[in-house]
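Quick look at protein_21.txt (compact mmCIF, C-alpha atoms):
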# COMPACT_ATOMS: atom_id res chain seq x y z
CA MET A 3 -208.81 -23.72 176.73
CA GLY A 4 -210.41 -22.94 173.34
CA CYS A 5 -208.71 -19.51 173.10
CA THR A 6 -209.01 -17.90 169.65
CA HIS A 7 -206.37 -15.29 170.52
CA ASN A 8 -208.86 -12.53 169.74
CA CYS A 9 -209.10 -10.51 172.95
CA SER A 10 -211.72 -8.17 171.46
CA THR A 11 -214.34 -10.93 171.38
CA CYS A 12 -213.44 -12.54 174.69
CA SER A 13 -215.26 -12.05 177.99
CA HIS A 14 -212.41 -13.50 180.07
CA HIS A 15 -209.96 -10.96 181.46
CA CYS A 16 -206.85 -13.09 181.51
CA GLY A 17 -204.42 -10.22 181.12
CA GLY A 18 -203.46 -11.07 177.57
CA GLU A 19 -204.87 -7.79 176.29
CA GLY A 20 -202.32 -5.79 178.23
CA ASN A 21 -199.21 -7.46 176.79
CA LYS A 22 -198.93 -5.39 173.62
CA THR A 23 -195.94 -3.07 173.56
CA ASP A 24 -196.82 0.35 172.22
CA PHE A 25 -194.83 0.93 169.02
CA VAL A 26 -197.40 3.26 167.44
CA ALA A 27 -195.69 5.90 165.31
CA LYS A 28 -196.60 9.57 165.52
CA PRO A 29 -198.42 10.79 162.38
CA ASN A 30 -197.75 14.09 160.63
CA ASP A 31 -198.81 17.07 162.76
CA LEU A 32 -201.46 17.92 160.16
CA THR A 33 -202.99 14.43 160.18
CA HIS A 34 -206.15 13.70 162.16
CA VAL A 35 -207.75 10.31 161.45
CA LYS A 36 -210.75 9.14 163.47
CA LYS A 37 -210.88 5.46 162.48
CA ILE A 38 -208.41 3.16 160.70
CA ILE A 39 -209.48 -0.20 159.28
CA ALA A 40 -207.03 -2.61 157.67
CA VAL A 41 -208.37 -4.86 154.92
CA VAL A 42 -206.49 -8.16 155.00
CA SER A 43 -206.46 -11.53 153.29
CA GLY A 44 -204.57 -14.70 154.07
CA LYS A 45 -203.95 -15.35 150.38
CA GLY A 46 -203.80 -13.40 147.14
CA GLY A 47 -206.42 -13.32 144.41
CA VAL A 48 -209.51 -12.90 146.58
CA GLY A 49 -210.25 -9.30 145.49
CA LYS A 50 -208.94 -7.52 148.57
CA SER A 51 -208.10 -4.30 146.70
CA SER A 52 -211.51 -4.14 145.02
CA ILE A 53 -213.21 -4.65 148.40
CA THR A 54 -211.02 -1.90 149.92
CA SER A 55 -212.02 0.38 147.06
CA MET A 56 -215.73 -0.37 147.40
CA LEU A 57 -215.70 0.14 151.18
CA ALA A 58 -214.04 3.52 150.67
CA VAL A 59 -216.51 4.47 147.94
CA LYS A 60 -219.44 3.51 150.17
CA ALA A 61 -218.06 5.44 153.14
CA ASN A 62 -217.49 8.47 150.94
CA ARG A 63 -221.03 8.24 149.53
CA ASN A 64 -222.28 8.21 153.12
CA GLY A 65 -220.68 11.59 153.75
CA LEU A 66 -217.52 10.45 155.53
CA SER A 67 -214.16 12.00 154.75
CA THR A 68 -212.37 8.92 153.42
CA ALA A 69 -208.80 7.86 152.62
CA ILE A 70 -206.94 4.77 151.40
CA LEU A 71 -203.38 3.95 152.39
CA ASP A 72 -202.17 1.40 149.85
CA ALA A 73 -199.82 -0.83 151.84
CA ASP A 74 -199.49 -3.39 149.04
CA ILE A 75 -196.13 -1.90 148.03
CA THR A 76 -195.10 -4.44 145.38
CA GLY A 77 -198.58 -4.87 143.90
CA PRO A 78 -200.33 -1.50 144.18
CA SER A 79 -203.67 -1.34 142.36
CA ILE A 80 -205.70 1.33 144.18
CA PRO A 81 -204.67 4.28 141.94
CA LYS A 82 -205.66 2.25 138.86
CA ALA A 83 -209.12 1.49 140.27
CA PHE A 84 -209.75 5.19 140.93
CA GLY A 85 -208.16 6.46 137.72
CA ILE A 86 -205.53 8.42 139.65
CA LYS A 87 -202.53 9.34 137.53
CA ASP A 88 -201.19 12.20 139.64
CA LYS A 89 -197.84 11.75 141.34
CA ALA A 90 -197.28 12.50 145.00
CA PHE A 91 -195.52 15.76 145.83
CA ALA A 92 -194.00 17.11 149.00
CA SER A 93 -193.26 20.31 150.86
CA GLU A 94 -191.35 21.02 154.05
CA GLN A 95 -194.48 19.97 155.94
CA GLY A 96 -194.71 16.48 154.42
CA ILE A 97 -196.06 14.45 151.49
CA PHE A 98 -199.44 15.22 149.97
CA PRO A 99 -201.70 12.35 148.86
CA ALA A 100 -203.66 12.45 145.63
CA SER A 101 -207.45 12.71 145.55
CA SER A 102 -209.92 10.79 143.43
CA GLU A 103 -212.70 12.52 141.50
CA GLY A 104 -215.01 11.90 144.44
CA GLY A 105 -212.55 13.29 146.97
CA ILE A 106 -211.08 10.07 148.40
CA LYS A 107 -207.46 10.63 149.45
CA VAL A 108 -205.00 8.01 148.25
CA MET A 109 -201.33 7.28 148.85
CA SER A 110 -199.67 4.45 146.94
CA THR A 111 -196.27 3.35 145.68
CA ASN A 112 -197.37 3.85 142.08
CA MET A 113 -197.61 7.57 142.82
CA LEU A 114 -193.85 7.57 143.51
CA LEU A 115 -192.79 5.68 140.39
CA GLU A 116 -192.01 7.21 137.01
CA ASN A 117 -194.08 4.55 135.24
CA ASP A 118 -196.96 2.49 136.63
CA THR A 119 -195.39 -0.70 135.28
CA ASP A 120 -191.99 -0.16 136.97
CA PRO A 121 -191.40 -3.05 139.40
CA VAL A 122 -190.68 -2.42 143.07
CA ILE A 123 -187.65 -4.62 143.80
CA TRP A 124 -187.07 -3.88 147.47
CA ARG A 125 -186.24 -6.04 150.44
CA GLY A 126 -188.71 -6.53 153.28
CA PRO A 127 -187.35 -3.89 155.71
CA VAL A 128 -187.42 -1.19 153.01
CA ILE A 129 -191.00 -2.10 152.06
CA ALA A 130 -192.09 -2.04 155.70
CA GLY A 131 -190.35 1.31 156.21
CA THR A 132 -192.17 2.78 153.22
CA VAL A 133 -195.54 1.74 154.63
CA LYS A 134 -194.66 3.36 157.94
CA GLN A 135 -193.69 6.59 156.12
CA PHE A 136 -197.08 6.61 154.40
CA TRP A 137 -198.43 7.15 157.93
CA THR A 138 -195.76 9.39 159.48
CA ASP A 139 -194.84 11.61 156.53
CA VAL A 140 -198.09 11.99 154.58
CA ILE A 141 -200.38 14.93 155.31
CA TRP A 142 -203.79 13.24 155.46
CA ASP A 143 -205.55 16.26 157.05
CA ASP A 144 -208.93 15.41 158.63
CA VAL A 145 -210.17 11.91 157.81
CA ASP A 146 -213.22 10.17 159.26
CA MET A 147 -212.35 6.70 157.99
CA MET A 148 -209.09 5.39 156.53
CA PHE A 149 -208.85 1.99 154.86
CA ILE A 150 -205.49 0.25 154.52
CA ASP A 151 -205.15 -2.11 151.56
CA MET A 152 -202.81 -4.78 152.93
CA PRO A 153 -200.68 -7.30 151.04
CA PRO A 154 -201.72 -10.94 151.55
CA GLY A 155 -200.25 -13.01 154.34
CA THR A 156 -198.85 -12.31 157.78
CA GLY A 157 -195.35 -11.02 156.97
CA ASP A 158 -193.35 -7.83 157.45
CA VAL A 159 -195.93 -5.33 156.21
CA PRO A 160 -198.91 -6.55 158.27
CA LEU A 161 -196.67 -6.69 161.34
CA THR A 162 -195.45 -3.13 160.70
CA VAL A 163 -198.98 -1.82 160.15
CA PHE A 164 -200.37 -3.54 163.25
CA GLN A 165 -197.52 -2.25 165.42
CA SER A 166 -196.93 1.22 163.97
CA LEU A 167 -200.43 2.46 163.15
CA PRO A 168 -203.35 2.92 165.58
CA ILE A 169 -205.53 0.29 163.89
CA ASP A 170 -209.12 0.17 165.13
CA GLY A 171 -209.79 -3.21 163.57
CA ILE A 172 -209.45 -5.42 160.52
CA VAL A 173 -211.76 -6.70 157.80
CA ILE A 174 -210.89 -10.14 156.43
CA VAL A 175 -211.56 -10.82 152.75
CA THR A 176 -212.06 -14.45 151.73
CA SER A 177 -213.38 -16.61 148.92
CA PRO A 178 -215.65 -19.68 149.28
CA GLN A 179 -213.02 -22.46 148.92
CA GLU A 180 -212.73 -25.00 151.73
CA LEU A 181 -209.13 -24.03 152.56
CA VAL A 182 -210.30 -20.54 153.49
CA SER A 183 -211.14 -21.74 157.00
CA MET A 184 -207.44 -22.19 157.69
CA ILE A 185 -206.55 -18.86 156.05
CA VAL A 186 -209.16 -16.96 158.07
CA GLY A 187 -207.93 -18.65 161.21
CA LYS A 188 -204.39 -17.38 160.62
CA ALA A 189 -205.63 -13.79 160.14
CA VAL A 190 -207.85 -13.93 163.22
CA LYS A 191 -205.08 -15.31 165.40
CA MET A 192 -202.52 -12.76 164.20
CA ALA A 193 -204.96 -9.93 164.93
CA GLY A 194 -205.61 -11.43 168.35
CA LYS A 195 -201.90 -11.62 169.17
CA MET A 196 -201.61 -7.92 168.23
CA ASN A 197 -204.76 -7.09 170.27
CA ILE A 198 -206.63 -5.83 167.20
CA PRO A 199 -210.33 -6.69 166.83
CA VAL A 200 -211.77 -8.40 163.77
CA LEU A 201 -214.63 -6.17 162.63
CA GLY A 202 -216.02 -8.39 159.89
CA ILE A 203 -215.52 -10.88 157.08
CA VAL A 204 -216.30 -10.29 153.41
CA GLU A 205 -216.73 -13.41 151.29
CA ASN A 206 -215.95 -12.21 147.79
CA MET A 207 -216.89 -14.08 144.61
CA SER A 208 -219.37 -16.01 146.74
CA TYR A 209 -221.70 -16.78 143.85
CA PHE A 210 -222.69 -15.78 140.32
CA GLU A 211 -226.23 -14.53 139.71
CA CYS A 212 -227.59 -15.17 136.24
CA SER A 213 -228.92 -11.98 134.66
CA LYS A 214 -231.72 -13.90 132.92
CA CYS A 215 -233.08 -16.35 135.47
CA HIS A 216 -231.58 -14.61 138.56
CA GLU A 217 -230.60 -17.98 139.96
CA LYS A 218 -227.46 -18.05 142.12
CA HIS A 219 -224.68 -20.38 141.00
CA TYR A 220 -221.96 -21.27 143.53
CA ILE A 221 -219.06 -21.69 141.16
CA PHE A 222 -216.40 -22.16 143.86
CA GLY A 223 -218.54 -24.48 145.95
CA LYS A 224 -220.84 -24.08 148.91
CA SER A 225 -220.09 -21.18 151.24
CA HIS A 226 -218.78 -21.92 154.73
CA LEU A 227 -218.77 -18.28 155.80
CA LYS A 228 -221.39 -18.56 158.53
CA GLU A 229 -219.71 -21.56 160.13
CA ILE A 230 -216.28 -19.92 160.04
CA ALA A 231 -217.61 -16.63 161.43
CA ALA A 232 -219.43 -18.44 164.24
CA LYS A 233 -216.26 -20.33 165.13
CA TYR A 234 -214.47 -17.05 165.81
CA ASP A 235 -217.51 -15.20 167.19
CA ILE A 236 -217.63 -12.71 164.29
CA ASN A 237 -221.13 -11.37 163.60
CA ASN A 238 -220.52 -8.82 160.84
CA ILE A 239 -220.37 -10.77 157.57
CA VAL A 240 -221.40 -10.22 153.96
CA GLN A 241 -221.34 -12.29 150.76
CA LEU A 242 -220.61 -10.51 147.48
CA PRO A 243 -221.27 -12.01 144.04
CA MET A 244 -218.97 -12.20 141.06
CA ASP A 245 -219.76 -9.08 139.07
CA GLU A 246 -218.23 -8.27 135.69
CA GLU A 247 -219.18 -4.62 136.13
CA ILE A 248 -216.86 -4.22 139.12
CA ALA A 249 -213.89 -5.62 137.18
CA ASN A 250 -214.59 -3.37 134.20
CA LEU A 251 -214.93 -0.26 136.39
CA CYS A 252 -211.67 -1.02 138.22
CA ASP A 253 -209.85 -1.62 134.94
CA ASN A 254 -211.09 1.74 133.62
CA GLY A 255 -210.47 3.72 136.80
CA LYS A 256 -214.18 4.27 137.43
CA ILE A 257 -214.85 2.32 140.63
CA GLU A 258 -216.53 5.41 142.10
CA ASP A 259 -219.33 4.97 139.56
CA TYR A 260 -220.34 1.76 141.36
CA ASP A 261 -222.69 1.85 144.35
CA PRO A 262 -222.00 -1.26 146.47
CA MET A 263 -225.45 -1.55 148.05
CA LEU A 264 -224.69 -4.95 149.62
CA LEU A 265 -222.08 -3.25 151.82
CA ASN A 266 -224.56 -0.85 153.47
CA THR A 267 -225.17 -2.75 156.71
CA PHE A 268 -221.63 -4.13 156.77
CA LEU A 269 -220.14 -0.61 156.68
CA GLU A 270 -222.59 0.68 159.28
CA ASN A 271 -221.35 -2.03 161.64
CA LEU A 272 -217.75 -1.03 160.94
CA ASN A 273 -218.46 2.56 161.88
CA LYS A 274 -220.12 1.83 165.24

As structure tokens - that is how I would like this structure written.
Amino acid sequence: MGCTHNCSTCSHHCGGEGNKTDFVAKPNDLTHVKKIIAVVSGKGGVGKSSITSMLAVKANRNGLSTAILDADITGPSIPKAFGIKDKAFASEQGIFPASSEGGIKVMSTNMLLENDTDPVIWRGPVIAGTVKQFWTDVIWDDVDMMFIDMPPGTGDVPLTVFQSLPIDGIVIVTSPQELVSMIVGKAVKMAGKMNIPVLGIVENMSYFECSKCHEKHYIFGKSHLKEIAAKYDINNIVQLPMDEEIANLCDNGKIEDYDPMLLNTFLENLNK
């Protein structure tokens, strides 16, 4: 009665947490990752990739060895945000990721394509297999915190990531619209069915702060973040404003020049 399907936040030991079959794939022998966090969204257009980038930048600024696995195979944008133009290369040992100017390791489909604008026209199983190879075949070396930029929804790729990678938890990215309650619910319940804890919710584009009067304007309507988080017993939440600077930095490959101060406490809670 009243089950949210999120075993990580439940005090009742009903046995549901032991039903997950272990499909976790073995990483490259030279890969040692301490914590893996998937950044998910129930719908597109909420700024999931920019949030992934900022979380990685913040973790890196805090002295953690950081990496991003870009699992959004058909819409990769992480290399663009970090200004990475290098292509991936391989040896007999495996595939080597690229590194940003600040030292964040990145693996993305765009690093395998001849041109950044070449479309990826693959069927679902091939896309899911590629994501899995980003874990099994890439030499990530020693990483304190890896972020996975997920495609929106609950399809093949999220299922592959949740089953094949040792995910420590997910971060849900939302926007303030009313329908987000349903979208968040879908993400929470999928994570619960896969026995993966929800570590926090980021409400992106929550408001716009006027640079002159510093008044907050809620362009997309009143936030329901606190009510939604309380419904699913999620305590780690943060609201981020619309910020033209972030968009400009991502477009110019300079996201590492931004210091996302509002993510300080949020990231600390992720790393506990």

(request) Would you be able to write out as a PyMOL selection string which residues have an atom within 12 Å of (-197.9, -4.4, 155.8) in the file's coordinates, counting all atoms listed in the file? (result) chain A and resi 40-43+71-77+126-137+150-167

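In this structure, atom CA of Leu265 of chain A sits 23.8 Å away from atom CA of Asp144 of chain A.
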
(message) For a quick check of understanding, using all atoms listed in the file, which of A:Arg63, A:Lys256, A:Lys45, A:Lys87 has the smallest distance to Ser177 of chain A?
(response)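 Ranking A:Arg63, A:Lys256, A:Lys45, A:Lys87 by distance to Ser177 of chain A, first place goes to A:Lys45.
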
(message) Report, in Å with one decimal, the straight-line distance from atom CA of Leu272 of chain A to atom CA of Ile239 of chain A.
(response) 10.6 Å

(request) To one decimal in Å, tell me the separation between atom CA of Asp139 of chain A and atom CA of Lys82 of chain A. (result)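 Atom CA of Lys82 of chain A lies 22.7 Å from atom CA of Asp139 of chain A.
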
(message) Given only C-alpha atoms as the basis, pick out the residue of A:Glu116, A:Ile39, A:Phe222, A:Met244 nearest to Gly202 of chain A.
(response)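 So, comparing all the options, the nearest one is A:Ile39.
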
(request) Would you please work out which residue, of A:Met56, A:Val35, A:Ala61, A:Val26, is nearest to Ile257 of chain A when using only C-alpha atoms? (result)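 Closest to Ile257 of chain A, using only C-alpha atoms: A:Met56.
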
(message) Here is a test: counting only C-alpha atoms, which residue of A:Val186, A:Met192, A:Ile86, A:Lys107 is nearest to Val145 of chain A?
(response) A:Lys107
